[in-house]
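Next comes query_8.txt, with compact mmCIF, N, CA and C atoms and all ligand atoms.
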# COMPACT_ATOMS: atom_id res chain seq x y z
N MET A 1 -45.19 12.39 -5.05
CA MET A 1 -44.21 11.33 -4.77
C MET A 1 -44.93 9.99 -4.76
N CYS A 2 -44.41 9.07 -5.48
CA CYS A 2 -45.03 7.75 -5.56
C CYS A 2 -43.99 6.71 -5.19
N SER A 3 -44.34 5.78 -4.34
CA SER A 3 -43.42 4.69 -4.06
C SER A 3 -44.18 3.36 -4.12
N ILE A 4 -43.46 2.33 -4.45
CA ILE A 4 -44.06 1.00 -4.53
C ILE A 4 -43.42 0.13 -3.45
N ILE A 5 -44.24 -0.48 -2.64
CA ILE A 5 -43.71 -1.36 -1.60
C ILE A 5 -43.94 -2.81 -2.04
N LEU A 6 -42.87 -3.56 -2.13
CA LEU A 6 -42.96 -4.97 -2.52
C LEU A 6 -42.58 -5.83 -1.33
N ASN A 7 -43.28 -6.93 -1.15
CA ASN A 7 -42.81 -7.85 -0.11
C ASN A 7 -41.68 -8.73 -0.67
N ILE A 8 -41.07 -9.52 0.20
CA ILE A 8 -39.88 -10.28 -0.21
C ILE A 8 -40.17 -11.22 -1.38
N SER A 9 -41.30 -11.92 -1.38
CA SER A 9 -41.56 -12.85 -2.47
C SER A 9 -41.73 -12.10 -3.79
N GLU A 10 -42.35 -10.90 -3.70
CA GLU A 10 -42.47 -10.10 -4.92
C GLU A 10 -41.10 -9.64 -5.42
N ILE A 11 -40.24 -9.28 -4.48
CA ILE A 11 -38.89 -8.84 -4.88
C ILE A 11 -38.15 -10.01 -5.52
N ASN A 12 -38.25 -11.21 -4.92
CA ASN A 12 -37.59 -12.38 -5.51
C ASN A 12 -38.10 -12.64 -6.91
N PHE A 13 -39.40 -12.47 -7.09
CA PHE A 13 -39.97 -12.68 -8.42
C PHE A 13 -39.42 -11.64 -9.40
N LYS A 14 -39.39 -10.40 -8.95
CA LYS A 14 -38.88 -9.33 -9.83
C LYS A 14 -37.43 -9.60 -10.23
N ILE A 15 -36.61 -10.07 -9.25
CA ILE A 15 -35.21 -10.34 -9.55
C ILE A 15 -35.08 -11.50 -10.53
N SER A 16 -35.86 -12.59 -10.30
CA SER A 16 -35.73 -13.73 -11.21
C SER A 16 -36.26 -13.37 -12.60
N GLU A 17 -37.30 -12.54 -12.64
CA GLU A 17 -37.81 -12.08 -13.93
C GLU A 17 -36.73 -11.26 -14.65
N PHE A 18 -36.05 -10.42 -13.87
CA PHE A 18 -34.97 -9.59 -14.41
C PHE A 18 -33.86 -10.47 -14.99
N LEU A 19 -33.47 -11.49 -14.22
CA LEU A 19 -32.36 -12.33 -14.65
C LEU A 19 -32.71 -13.18 -15.86
N THR A 20 -33.98 -13.56 -16.01
CA THR A 20 -34.33 -14.37 -17.17
C THR A 20 -34.51 -13.51 -18.41
N ASN A 21 -34.65 -12.20 -18.22
CA ASN A 21 -34.85 -11.33 -19.37
C ASN A 21 -33.58 -10.61 -19.81
N PHE A 22 -32.54 -10.73 -19.01
CA PHE A 22 -31.29 -10.03 -19.35
C PHE A 22 -30.12 -10.99 -19.27
N TYR A 23 -29.11 -10.66 -20.02
CA TYR A 23 -27.86 -11.39 -19.96
C TYR A 23 -26.79 -10.44 -19.44
N ILE A 24 -25.97 -10.94 -18.56
CA ILE A 24 -24.87 -10.13 -18.05
C ILE A 24 -23.59 -10.83 -18.46
N PHE A 25 -22.72 -10.12 -19.14
CA PHE A 25 -21.45 -10.72 -19.49
C PHE A 25 -20.37 -9.66 -19.60
N LYS A 26 -19.12 -10.14 -19.56
CA LYS A 26 -17.98 -9.24 -19.61
C LYS A 26 -17.53 -9.08 -21.05
N LEU A 27 -17.38 -7.84 -21.48
CA LEU A 27 -16.87 -7.56 -22.82
C LEU A 27 -15.68 -6.65 -22.62
N ARG A 28 -14.48 -7.15 -22.95
CA ARG A 28 -13.26 -6.46 -22.54
C ARG A 28 -13.33 -6.23 -21.04
N ASN A 29 -13.17 -5.02 -20.57
CA ASN A 29 -13.18 -4.81 -19.12
C ASN A 29 -14.48 -4.19 -18.64
N VAL A 30 -15.55 -4.36 -19.41
CA VAL A 30 -16.83 -3.75 -19.06
C VAL A 30 -17.87 -4.84 -18.86
N LEU A 31 -18.64 -4.73 -17.79
CA LEU A 31 -19.77 -5.64 -17.61
C LEU A 31 -20.94 -5.11 -18.44
N VAL A 32 -21.49 -5.95 -19.30
CA VAL A 32 -22.57 -5.53 -20.18
C VAL A 32 -23.86 -6.20 -19.73
N LEU A 33 -24.92 -5.41 -19.66
CA LEU A 33 -26.26 -5.92 -19.36
C LEU A 33 -27.07 -5.77 -20.63
N SER A 34 -27.55 -6.89 -21.16
CA SER A 34 -28.19 -6.81 -22.46
C SER A 34 -29.46 -7.65 -22.51
N LYS A 35 -30.43 -7.20 -23.29
CA LYS A 35 -31.64 -7.98 -23.51
C LYS A 35 -31.34 -9.20 -24.39
N ASN A 36 -30.28 -9.13 -25.16
CA ASN A 36 -29.92 -10.23 -26.05
C ASN A 36 -28.49 -10.62 -25.77
N ILE A 37 -28.12 -11.84 -26.18
CA ILE A 37 -26.71 -12.18 -26.13
C ILE A 37 -26.05 -11.45 -27.29
N LEU A 38 -25.25 -10.47 -26.95
CA LEU A 38 -24.57 -9.69 -27.98
C LEU A 38 -23.35 -10.44 -28.44
N ASN A 39 -23.08 -10.43 -29.69
CA ASN A 39 -21.79 -10.87 -30.15
C ASN A 39 -21.30 -9.84 -31.14
N VAL A 40 -20.67 -8.81 -30.62
CA VAL A 40 -20.26 -7.69 -31.47
C VAL A 40 -18.97 -8.01 -32.21
N LYS A 41 -18.31 -9.08 -31.79
CA LYS A 41 -17.09 -9.46 -32.49
C LYS A 41 -17.45 -10.31 -33.71
N GLN A 42 -16.65 -10.18 -34.74
CA GLN A 42 -16.75 -11.10 -35.85
C GLN A 42 -15.53 -12.00 -35.79
N HIS A 43 -15.74 -13.29 -36.03
CA HIS A 43 -14.63 -14.24 -35.97
C HIS A 43 -14.33 -14.78 -37.36
N VAL A 44 -13.06 -14.99 -37.62
CA VAL A 44 -12.62 -15.40 -38.95
C VAL A 44 -11.71 -16.62 -38.80
N PHE A 45 -12.04 -17.70 -39.49
CA PHE A 45 -11.21 -18.91 -39.47
C PHE A 45 -10.10 -18.77 -40.51
N ILE A 46 -8.85 -19.02 -40.11
CA ILE A 46 -7.71 -18.95 -41.02
C ILE A 46 -7.17 -20.37 -41.20
N ALA A 47 -7.24 -20.88 -42.43
CA ALA A 47 -6.96 -22.29 -42.69
C ALA A 47 -5.49 -22.59 -42.92
N THR A 48 -4.62 -21.60 -42.81
CA THR A 48 -3.19 -21.81 -42.99
C THR A 48 -2.53 -22.04 -41.63
N PRO A 49 -1.94 -23.24 -41.41
CA PRO A 49 -1.31 -23.50 -40.11
C PRO A 49 -0.17 -22.53 -39.82
N ALA A 50 -0.07 -22.11 -38.57
CA ALA A 50 0.99 -21.17 -38.16
C ALA A 50 1.29 -21.41 -36.70
N THR A 51 2.47 -20.96 -36.26
CA THR A 51 2.75 -20.98 -34.83
C THR A 51 1.84 -19.95 -34.17
N TRP A 52 1.76 -20.01 -32.83
CA TRP A 52 0.87 -19.07 -32.13
C TRP A 52 1.28 -17.61 -32.40
N ILE A 53 2.59 -17.34 -32.35
CA ILE A 53 3.09 -15.97 -32.57
C ILE A 53 2.79 -15.53 -34.00
N GLU A 54 3.01 -16.44 -34.97
CA GLU A 54 2.71 -16.09 -36.36
C GLU A 54 1.22 -15.83 -36.53
N ALA A 55 0.41 -16.64 -35.86
CA ALA A 55 -1.05 -16.46 -35.95
C ALA A 55 -1.45 -15.11 -35.36
N GLN A 56 -0.87 -14.76 -34.20
CA GLN A 56 -1.17 -13.48 -33.57
C GLN A 56 -0.80 -12.33 -34.51
N SER A 57 0.37 -12.44 -35.12
CA SER A 57 0.84 -11.39 -36.03
C SER A 57 -0.08 -11.25 -37.23
N TYR A 58 -0.48 -12.40 -37.79
CA TYR A 58 -1.38 -12.37 -38.95
C TYR A 58 -2.71 -11.70 -38.58
N CYS A 59 -3.27 -12.11 -37.43
CA CYS A 59 -4.57 -11.56 -37.02
C CYS A 59 -4.48 -10.05 -36.79
N ARG A 60 -3.37 -9.61 -36.19
CA ARG A 60 -3.23 -8.18 -35.91
C ARG A 60 -3.05 -7.38 -37.19
N THR A 61 -2.45 -8.00 -38.19
CA THR A 61 -2.25 -7.30 -39.47
C THR A 61 -3.54 -7.25 -40.28
N HIS A 62 -4.27 -8.37 -40.32
CA HIS A 62 -5.40 -8.46 -41.23
C HIS A 62 -6.76 -8.30 -40.55
N HIS A 63 -6.81 -8.48 -39.23
CA HIS A 63 -8.08 -8.34 -38.50
C HIS A 63 -7.81 -7.48 -37.27
N THR A 64 -8.18 -7.94 -36.08
CA THR A 64 -7.86 -7.17 -34.87
C THR A 64 -6.86 -7.92 -34.00
N ASP A 65 -7.15 -9.20 -33.73
CA ASP A 65 -6.25 -9.98 -32.88
C ASP A 65 -6.67 -11.44 -32.98
N LEU A 66 -5.88 -12.34 -32.38
CA LEU A 66 -6.34 -13.72 -32.20
C LEU A 66 -7.63 -13.69 -31.38
N ALA A 67 -8.49 -14.69 -31.54
CA ALA A 67 -9.78 -14.71 -30.85
C ALA A 67 -9.60 -14.73 -29.34
N MET A 68 -10.21 -13.75 -28.68
CA MET A 68 -10.18 -13.66 -27.22
C MET A 68 -11.60 -13.92 -26.74
N ILE A 69 -11.80 -15.08 -26.14
CA ILE A 69 -13.15 -15.60 -25.88
C ILE A 69 -13.54 -15.30 -24.45
N GLU A 70 -14.51 -14.42 -24.29
CA GLU A 70 -14.79 -13.92 -22.95
C GLU A 70 -16.16 -14.31 -22.41
N ASN A 71 -16.89 -15.11 -23.15
CA ASN A 71 -18.18 -15.59 -22.63
C ASN A 71 -18.66 -16.75 -23.51
N GLU A 72 -19.74 -17.38 -23.07
CA GLU A 72 -20.25 -18.57 -23.76
C GLU A 72 -20.70 -18.24 -25.19
N ALA A 73 -21.27 -17.06 -25.39
CA ALA A 73 -21.74 -16.69 -26.73
C ALA A 73 -20.57 -16.59 -27.69
N GLU A 74 -19.48 -16.01 -27.23
CA GLU A 74 -18.31 -15.91 -28.10
C GLU A 74 -17.70 -17.28 -28.35
N ASN A 75 -17.71 -18.15 -27.32
CA ASN A 75 -17.17 -19.49 -27.50
C ASN A 75 -17.99 -20.28 -28.52
N SER A 76 -19.30 -20.10 -28.50
CA SER A 76 -20.16 -20.77 -29.49
C SER A 76 -19.89 -20.24 -30.89
N ALA A 77 -19.71 -18.93 -30.99
CA ALA A 77 -19.44 -18.33 -32.31
C ALA A 77 -18.14 -18.87 -32.89
N VAL A 78 -17.14 -19.04 -32.04
CA VAL A 78 -15.86 -19.57 -32.49
C VAL A 78 -16.00 -21.04 -32.86
N LYS A 79 -16.71 -21.79 -32.02
CA LYS A 79 -16.85 -23.23 -32.26
C LYS A 79 -17.45 -23.50 -33.64
N GLN A 80 -18.40 -22.67 -34.03
CA GLN A 80 -19.08 -22.90 -35.30
C GLN A 80 -18.14 -22.78 -36.50
N LEU A 81 -16.99 -22.16 -36.30
CA LEU A 81 -16.04 -21.97 -37.40
C LEU A 81 -15.01 -23.08 -37.50
N ILE A 82 -14.93 -23.94 -36.46
CA ILE A 82 -13.86 -24.93 -36.41
C ILE A 82 -14.27 -26.19 -37.16
N PRO A 83 -13.50 -26.58 -38.20
CA PRO A 83 -13.80 -27.82 -38.92
C PRO A 83 -13.71 -29.02 -37.98
N VAL A 84 -14.52 -30.03 -38.24
CA VAL A 84 -14.56 -31.22 -37.38
C VAL A 84 -13.17 -31.84 -37.25
N GLY A 85 -12.78 -32.16 -36.04
CA GLY A 85 -11.52 -32.86 -35.79
C GLY A 85 -10.29 -31.97 -35.79
N VAL A 86 -10.50 -30.67 -35.91
CA VAL A 86 -9.36 -29.73 -36.00
C VAL A 86 -9.24 -28.95 -34.69
N ASP A 87 -8.01 -28.70 -34.26
CA ASP A 87 -7.76 -27.78 -33.15
C ASP A 87 -7.29 -26.46 -33.73
N VAL A 88 -7.71 -25.37 -33.13
CA VAL A 88 -7.31 -24.03 -33.62
C VAL A 88 -6.62 -23.28 -32.48
N TRP A 89 -5.69 -22.44 -32.83
CA TRP A 89 -5.15 -21.51 -31.84
C TRP A 89 -6.20 -20.47 -31.51
N ILE A 90 -6.30 -20.14 -30.21
CA ILE A 90 -7.05 -18.96 -29.80
C ILE A 90 -6.07 -18.03 -29.07
N GLY A 91 -6.53 -16.86 -28.74
CA GLY A 91 -5.59 -15.85 -28.25
C GLY A 91 -5.25 -15.92 -26.78
N LEU A 92 -5.18 -17.12 -26.20
CA LEU A 92 -4.88 -17.24 -24.77
C LEU A 92 -3.49 -17.83 -24.59
N TYR A 93 -2.72 -17.30 -23.64
CA TYR A 93 -1.40 -17.83 -23.35
C TYR A 93 -1.13 -17.72 -21.86
N ARG A 94 -0.09 -18.44 -21.42
CA ARG A 94 0.20 -18.58 -20.00
C ARG A 94 1.10 -17.46 -19.48
N VAL A 95 1.09 -17.29 -18.23
CA VAL A 95 2.02 -16.51 -17.39
C VAL A 95 1.54 -15.09 -17.14
N PRO A 96 0.56 -14.86 -16.32
CA PRO A 96 -0.49 -15.85 -16.05
C PRO A 96 -1.40 -15.91 -17.27
N TRP A 97 -2.46 -16.73 -17.19
CA TRP A 97 -3.34 -16.84 -18.35
C TRP A 97 -3.85 -15.47 -18.74
N SER A 98 -3.50 -15.05 -19.93
CA SER A 98 -3.88 -13.72 -20.41
C SER A 98 -4.28 -13.82 -21.86
N TRP A 99 -5.06 -12.87 -22.30
CA TRP A 99 -5.42 -12.80 -23.72
C TRP A 99 -4.32 -12.11 -24.50
N SER A 100 -4.41 -12.25 -25.78
CA SER A 100 -3.39 -11.74 -26.69
C SER A 100 -3.12 -10.25 -26.48
N ASP A 101 -4.13 -9.49 -26.08
CA ASP A 101 -3.94 -8.05 -25.86
C ASP A 101 -3.53 -7.76 -24.41
N LYS A 102 -3.13 -8.81 -23.67
CA LYS A 102 -2.67 -8.72 -22.29
C LYS A 102 -3.80 -8.53 -21.28
N SER A 103 -5.06 -8.56 -21.72
CA SER A 103 -6.17 -8.47 -20.77
C SER A 103 -6.29 -9.79 -20.02
N PRO A 104 -6.76 -9.74 -18.75
CA PRO A 104 -6.87 -10.98 -17.98
C PRO A 104 -7.98 -11.87 -18.52
N SER A 105 -7.82 -13.17 -18.30
CA SER A 105 -8.81 -14.15 -18.77
C SER A 105 -9.64 -14.64 -17.60
N PHE A 106 -10.94 -14.49 -17.70
CA PHE A 106 -11.84 -14.99 -16.66
C PHE A 106 -12.61 -16.21 -17.15
N PHE A 107 -13.08 -16.17 -18.37
CA PHE A 107 -13.82 -17.29 -18.96
C PHE A 107 -12.82 -18.33 -19.43
N ARG A 108 -13.02 -19.59 -19.05
CA ARG A 108 -12.15 -20.70 -19.49
C ARG A 108 -13.03 -21.90 -19.79
N ARG A 109 -12.56 -22.78 -20.66
CA ARG A 109 -13.33 -23.98 -20.99
C ARG A 109 -12.36 -25.12 -21.28
N TRP A 110 -11.65 -25.60 -20.24
CA TRP A 110 -10.61 -26.61 -20.44
C TRP A 110 -11.19 -28.00 -20.67
N VAL A 111 -10.52 -28.78 -21.53
CA VAL A 111 -10.70 -30.22 -21.57
C VAL A 111 -10.31 -30.75 -20.19
N SER A 112 -10.93 -31.85 -19.72
CA SER A 112 -10.69 -32.30 -18.34
C SER A 112 -9.22 -32.62 -18.07
N SER A 113 -8.50 -33.09 -19.07
CA SER A 113 -7.07 -33.44 -18.88
C SER A 113 -6.13 -32.26 -19.12
N GLU A 114 -6.68 -31.12 -19.43
CA GLU A 114 -5.89 -29.93 -19.74
C GLU A 114 -6.24 -28.79 -18.77
N PRO A 115 -5.38 -27.79 -18.55
CA PRO A 115 -4.05 -27.68 -19.15
C PRO A 115 -3.04 -28.55 -18.40
N ASN A 116 -2.28 -29.38 -19.12
CA ASN A 116 -1.33 -30.28 -18.46
C ASN A 116 0.10 -29.77 -18.56
N ASN A 117 0.33 -28.70 -19.31
CA ASN A 117 1.65 -28.08 -19.41
C ASN A 117 2.74 -29.12 -19.62
N ASN A 118 2.53 -29.97 -20.61
CA ASN A 118 3.46 -31.06 -20.91
C ASN A 118 4.86 -30.50 -21.15
N GLY A 119 5.84 -31.02 -20.42
CA GLY A 119 7.21 -30.54 -20.56
C GLY A 119 7.45 -29.18 -19.92
N GLY A 120 6.42 -28.62 -19.31
CA GLY A 120 6.56 -27.33 -18.64
C GLY A 120 6.61 -26.15 -19.58
N ILE A 121 6.33 -26.38 -20.86
CA ILE A 121 6.46 -25.27 -21.81
C ILE A 121 5.27 -25.21 -22.79
N GLN A 122 4.09 -25.65 -22.33
CA GLN A 122 2.91 -25.52 -23.19
C GLN A 122 2.17 -24.24 -22.79
N ASN A 123 2.52 -23.16 -23.43
CA ASN A 123 2.07 -21.85 -22.97
C ASN A 123 1.01 -21.20 -23.86
N CYS A 124 0.58 -21.90 -24.91
CA CYS A 124 -0.42 -21.32 -25.81
C CYS A 124 -1.64 -22.25 -25.88
N VAL A 125 -2.79 -21.69 -26.21
CA VAL A 125 -4.06 -22.40 -26.03
C VAL A 125 -4.77 -22.65 -27.35
N TRP A 126 -5.24 -23.92 -27.51
CA TRP A 126 -6.04 -24.30 -28.67
C TRP A 126 -7.48 -24.57 -28.22
N GLU A 127 -8.39 -24.56 -29.17
CA GLU A 127 -9.78 -24.96 -28.93
C GLU A 127 -10.14 -26.04 -29.94
N ASN A 128 -10.90 -27.06 -29.49
CA ASN A 128 -11.28 -28.14 -30.41
C ASN A 128 -12.73 -27.97 -30.87
N THR A 129 -13.21 -28.92 -31.65
CA THR A 129 -14.56 -28.79 -32.20
C THR A 129 -15.64 -29.00 -31.15
N ALA A 130 -15.27 -29.51 -29.98
CA ALA A 130 -16.23 -29.60 -28.88
C ALA A 130 -16.20 -28.31 -28.06
N HIS A 131 -15.57 -27.33 -28.59
CA HIS A 131 -15.26 -26.02 -28.00
C HIS A 131 -14.70 -26.11 -26.58
N MET A 132 -13.79 -27.11 -26.40
CA MET A 132 -13.04 -27.23 -25.17
C MET A 132 -11.58 -26.86 -25.47
N TRP A 133 -10.89 -26.43 -24.42
CA TRP A 133 -9.56 -25.85 -24.62
C TRP A 133 -8.45 -26.72 -24.02
N GLY A 134 -7.23 -26.55 -24.52
CA GLY A 134 -6.05 -27.18 -23.94
C GLY A 134 -4.82 -26.34 -24.24
N ASP A 135 -3.71 -26.66 -23.53
CA ASP A 135 -2.47 -25.93 -23.82
C ASP A 135 -1.60 -26.76 -24.75
N ASP A 136 -0.70 -26.10 -25.46
CA ASP A 136 0.22 -26.79 -26.36
C ASP A 136 1.46 -25.93 -26.54
N TYR A 137 2.48 -26.51 -27.18
CA TYR A 137 3.70 -25.77 -27.44
C TYR A 137 3.39 -24.63 -28.40
N CYS A 138 3.86 -23.43 -28.09
CA CYS A 138 3.53 -22.27 -28.91
C CYS A 138 4.11 -22.36 -30.32
N ASN A 139 5.17 -23.17 -30.49
CA ASN A 139 5.74 -23.27 -31.83
C ASN A 139 5.11 -24.39 -32.65
N ALA A 140 4.10 -25.10 -32.09
CA ALA A 140 3.31 -26.03 -32.91
C ALA A 140 2.53 -25.20 -33.93
N THR A 141 2.30 -25.79 -35.10
CA THR A 141 1.54 -25.03 -36.11
C THR A 141 0.11 -25.54 -36.15
N LYS A 142 -0.83 -24.61 -36.10
CA LYS A 142 -2.25 -24.92 -36.14
C LYS A 142 -2.95 -23.85 -36.95
N VAL A 143 -4.09 -24.20 -37.52
CA VAL A 143 -4.96 -23.17 -38.07
C VAL A 143 -5.49 -22.36 -36.90
N PHE A 144 -6.14 -21.24 -37.15
CA PHE A 144 -6.46 -20.37 -36.04
C PHE A 144 -7.67 -19.49 -36.31
N ILE A 145 -8.14 -18.84 -35.26
CA ILE A 145 -9.31 -17.97 -35.35
C ILE A 145 -8.91 -16.54 -34.99
N CYS A 146 -9.16 -15.62 -35.91
CA CYS A 146 -8.95 -14.20 -35.63
C CYS A 146 -10.29 -13.60 -35.20
N GLU A 147 -10.23 -12.45 -34.58
CA GLU A 147 -11.45 -11.70 -34.31
C GLU A 147 -11.27 -10.28 -34.81
N ARG A 148 -12.38 -9.67 -35.13
CA ARG A 148 -12.37 -8.24 -35.44
C ARG A 148 -13.59 -7.64 -34.80
N GLY A 149 -13.46 -6.46 -34.30
CA GLY A 149 -14.60 -5.86 -33.65
C GLY A 149 -14.28 -4.45 -33.20
N ASP A 150 -15.30 -3.70 -32.95
CA ASP A 150 -15.14 -2.33 -32.46
C ASP A 150 -15.37 -2.36 -30.96
N TYR A 151 -14.30 -2.24 -30.22
CA TYR A 151 -14.44 -2.22 -28.77
C TYR A 151 -13.28 -1.48 -28.18
CA CA A 201 -1.47 -29.83 -23.08
Please express the file's structure as structure tokens.
Amino acid sequence: MCSIILNISEINFKISEFLTNFYIFKLRNVLVLSKNILNVKQHVFIATPATWIEAQSYCRTHHTDLAMIENEAENSAVKQLIPVGVDVWIGLYRVPWSWSDKSPSFFRRWVSSEPNNNGGIQNCVWENTAHMWGDDYCNATKVFICERGDY
């Protein structure tokens, strides 16, 4: 039988070493511990403007769903696809804030003035080229980001 006794400062060092060598993030409903920032989803920019519902339908037919952004790595991957000055639909909607597949949303990245729910009916979410988010009318037409992935 072998045991290792560490004092508190050694334990703190081990924990900080652990945290700098691993990433912890939520993927769907699972907490993932990884040596690398995983991005198992592939994101696809769709340049044809559509309402949020039309965009969701298109993504589900041709890919997996509208982009559901659950961590900083996924937000960066999506941002890289957005043309400068363009807002895109992502798969987030209100009541309460949920992803397109009805999973709860924990990661958010709102513009400081958003969500303002203008008129009380801005229930769908766009992302801009600064990868910040806002709400808008779901029947507004925007280009959009689909995702596909095995999860
Ligand atoms: Ca708004």
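All residues, whether protein, DNA or RNA, that have an atom at most 7 Å from ligand CA 201 (chain A) (counting only C-alpha atoms and all ligand atoms) are Glu114, Pro115, Asn116, Asn117, Asn118, Gln122, Gly134, Asp135 and Asp136 of chain A.
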Problem - Separation of atom N of Val78 of chain A from atom CA of Gly119 of chain A, in Å and rounded to one decimal - result: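 One can read the atom N of Val78 of chain A to atom CA of Gly119 of chain A distance as 29.3 Å.
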Practice task
Write out as JSON, numbers by chain which residues come within 6 Å of segment 82-92 of chain A when counting only N, CA and C atoms, dropping same-chain ones fewer than 2 positions away.
Solution key: {"A": [66, 67, 68, 78, 79, 80, 94, 98, 99, 100, 123, 124, 125, 126, 127, 128, 129, 142, 143, 144, 145]}
Would you write out those residues with N, CA and C atoms, as a PDB file, keeping the file's coordinate frame?
ATOM      1  N   LEU A  66      -5.880 -12.340 -32.380  1.00  0.00           N
ATOM      2  CA  LEU A  66      -6.340 -13.720 -32.200  1.00  0.00           C
ATOM      3  C   LEU A  66      -7.630 -13.690 -31.380  1.00  0.00           C
ATOM      4  N   ALA A  67      -8.490 -14.690 -31.540  1.00  0.00           N
ATOM      5  CA  ALA A  67      -9.780 -14.710 -30.850  1.00  0.00           C
ATOM      6  C   ALA A  67      -9.600 -14.730 -29.340  1.00  0.00           C
ATOM      7  N   MET A  68     -10.210 -13.750 -28.680  1.00  0.00           N
ATOM      8  CA  MET A  68     -10.180 -13.660 -27.220  1.00  0.00           C
ATOM      9  C   MET A  68     -11.600 -13.920 -26.740  1.00  0.00           C
ATOM     10  N   VAL A  78     -17.140 -19.040 -32.040  1.00  0.00           N
ATOM     11  CA  VAL A  78     -15.860 -19.570 -32.490  1.00  0.00           C
ATOM     12  C   VAL A  78     -16.000 -21.040 -32.860  1.00  0.00           C
ATOM     13  N   LYS A  79     -16.710 -21.790 -32.020  1.00  0.00           N
ATOM     14  CA  LYS A  79     -16.850 -23.230 -32.260  1.00  0.00           C
ATOM     15  C   LYS A  79     -17.450 -23.500 -33.640  1.00  0.00           C
ATOM     16  N   GLN A  80     -18.400 -22.670 -34.030  1.00  0.00           N
ATOM     17  CA  GLN A  80     -19.080 -22.900 -35.300  1.00  0.00           C
ATOM     18  C   GLN A  80     -18.140 -22.780 -36.500  1.00  0.00           C
ATOM     19  N   ARG A  94      -0.090 -18.440 -21.420  1.00  0.00           N
ATOM     20  CA  ARG A  94       0.200 -18.580 -20.000  1.00  0.00           C
ATOM     21  C   ARG A  94       1.100 -17.460 -19.480  1.00  0.00           C
ATOM     22  N   SER A  98      -3.500 -15.050 -19.930  1.00  0.00           N
ATOM     23  CA  SER A  98      -3.880 -13.720 -20.410  1.00  0.00           C
ATOM     24  C   SER A  98      -4.280 -13.820 -21.860  1.00  0.00           C
ATOM     25  N   TRP A  99      -5.060 -12.870 -22.300  1.00  0.00           N
ATOM     26  CA  TRP A  99      -5.420 -12.800 -23.720  1.00  0.00           C
ATOM     27  C   TRP A  99      -4.320 -12.110 -24.500  1.00  0.00           C
ATOM     28  N   SER A 100      -4.410 -12.250 -25.780  1.00  0.00           N
ATOM     29  CA  SER A 100      -3.390 -11.740 -26.690  1.00  0.00           C
ATOM     30  C   SER A 100      -3.120 -10.250 -26.480  1.00  0.00           C
ATOM     31  N   ASN A 123       2.520 -23.160 -23.430  1.00  0.00           N
ATOM     32  CA  ASN A 123       2.070 -21.850 -22.970  1.00  0.00           C
ATOM     33  C   ASN A 123       1.010 -21.200 -23.860  1.00  0.00           C
ATOM     34  N   CYS A 124       0.580 -21.900 -24.910  1.00  0.00           N
ATOM     35  CA  CYS A 124      -0.420 -21.320 -25.810  1.00  0.00           C
ATOM     36  C   CYS A 124      -1.640 -22.250 -25.880  1.00  0.00           C
ATOM     37  N   VAL A 125      -2.790 -21.690 -26.210  1.00  0.00           N
ATOM     38  CA  VAL A 125      -4.060 -22.400 -26.030  1.00  0.00           C
ATOM     39  C   VAL A 125      -4.770 -22.650 -27.350  1.00  0.00           C
ATOM     40  N   TRP A 126      -5.240 -23.920 -27.510  1.00  0.00           N
ATOM     41  CA  TRP A 126      -6.040 -24.300 -28.670  1.00  0.00           C
ATOM     42  C   TRP A 126      -7.480 -24.570 -28.220  1.00  0.00           C
ATOM     43  N   GLU A 127      -8.390 -24.560 -29.170  1.00  0.00           N
ATOM     44  CA  GLU A 127      -9.780 -24.960 -28.930  1.00  0.00           C
ATOM     45  C   GLU A 127     -10.140 -26.040 -29.940  1.00  0.00           C
ATOM     46  N   ASN A 128     -10.900 -27.060 -29.490  1.00  0.00           N
ATOM     47  CA  ASN A 128     -11.280 -28.140 -30.410  1.00  0.00           C
ATOM     48  C   ASN A 128     -12.730 -27.970 -30.870  1.00  0.00           C
ATOM     49  N   THR A 129     -13.210 -28.920 -31.650  1.00  0.00           N
ATOM     50  CA  THR A 129     -14.560 -28.790 -32.200  1.00  0.00           C
ATOM     51  C   THR A 129     -15.640 -29.000 -31.150  1.00  0.00           C
ATOM     52  N   LYS A 142      -0.830 -24.610 -36.100  1.00  0.00           N
ATOM     53  CA  LYS A 142      -2.250 -24.920 -36.140  1.00  0.00           C
ATOM     54  C   LYS A 142      -2.950 -23.850 -36.950  1.00  0.00           C
ATOM     55  N   VAL A 143      -4.090 -24.200 -37.520  1.00  0.00           N
ATOM     56  CA  VAL A 143      -4.960 -23.170 -38.070  1.00  0.00           C
ATOM     57  C   VAL A 143      -5.490 -22.360 -36.900  1.00  0.00           C
ATOM     58  N   PHE A 144      -6.140 -21.240 -37.150  1.00  0.00           N
ATOM     59  CA  PHE A 144      -6.460 -20.370 -36.040  1.00  0.00           C
ATOM     60  C   PHE A 144      -7.670 -19.490 -36.310  1.00  0.00           C
ATOM     61  N   ILE A 145      -8.140 -18.840 -35.260  1.00  0.00           N
ATOM     62  CA  ILE A 145      -9.310 -17.970 -35.350  1.00  0.00           C
ATOM     63  C   ILE A 145      -8.910 -16.540 -34.990  1.00  0.00           C
TER      64      ILE A 145
END
Practice task
For atom C of Phe45 of chain A and atom CA of Glu147 of chain A, determine how far apart the two atoms are, in Å to one decimal place.
Solution key: 9.5 Å
Exercise for the section: Would you kindly return, as a PyMOL selection string, each protein, DNA or RNA residue with an atom no farther than 9 Å from any atom of Val111 of chain A, considering only C-alpha atoms and excluding same-chain residues fewer than 5 positions away? Expected result: chain A and resi 131-134
Output for the residues just chosen: N, CA and C atoms as a compact mmCIF listing (two decimals), in the coordinates of the input:
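Output saved as result-v7.txt:
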# COMPACT_ATOMS: atom_id res chain seq x y z
N HIS A 131 -15.57 -27.33 -28.59
CA HIS A 131 -15.26 -26.02 -28.00
C HIS A 131 -14.70 -26.11 -26.58
N MET A 132 -13.79 -27.11 -26.40
CA MET A 132 -13.04 -27.23 -25.17
C MET A 132 -11.58 -26.86 -25.47
N TRP A 133 -10.89 -26.43 -24.42
CA TRP A 133 -9.56 -25.85 -24.62
C TRP A 133 -8.45 -26.72 -24.02
N GLY A 134 -7.23 -26.55 -24.52
CA GLY A 134 -6.05 -27.18 -23.94
C GLY A 134 -4.82 -26.34 -24.24
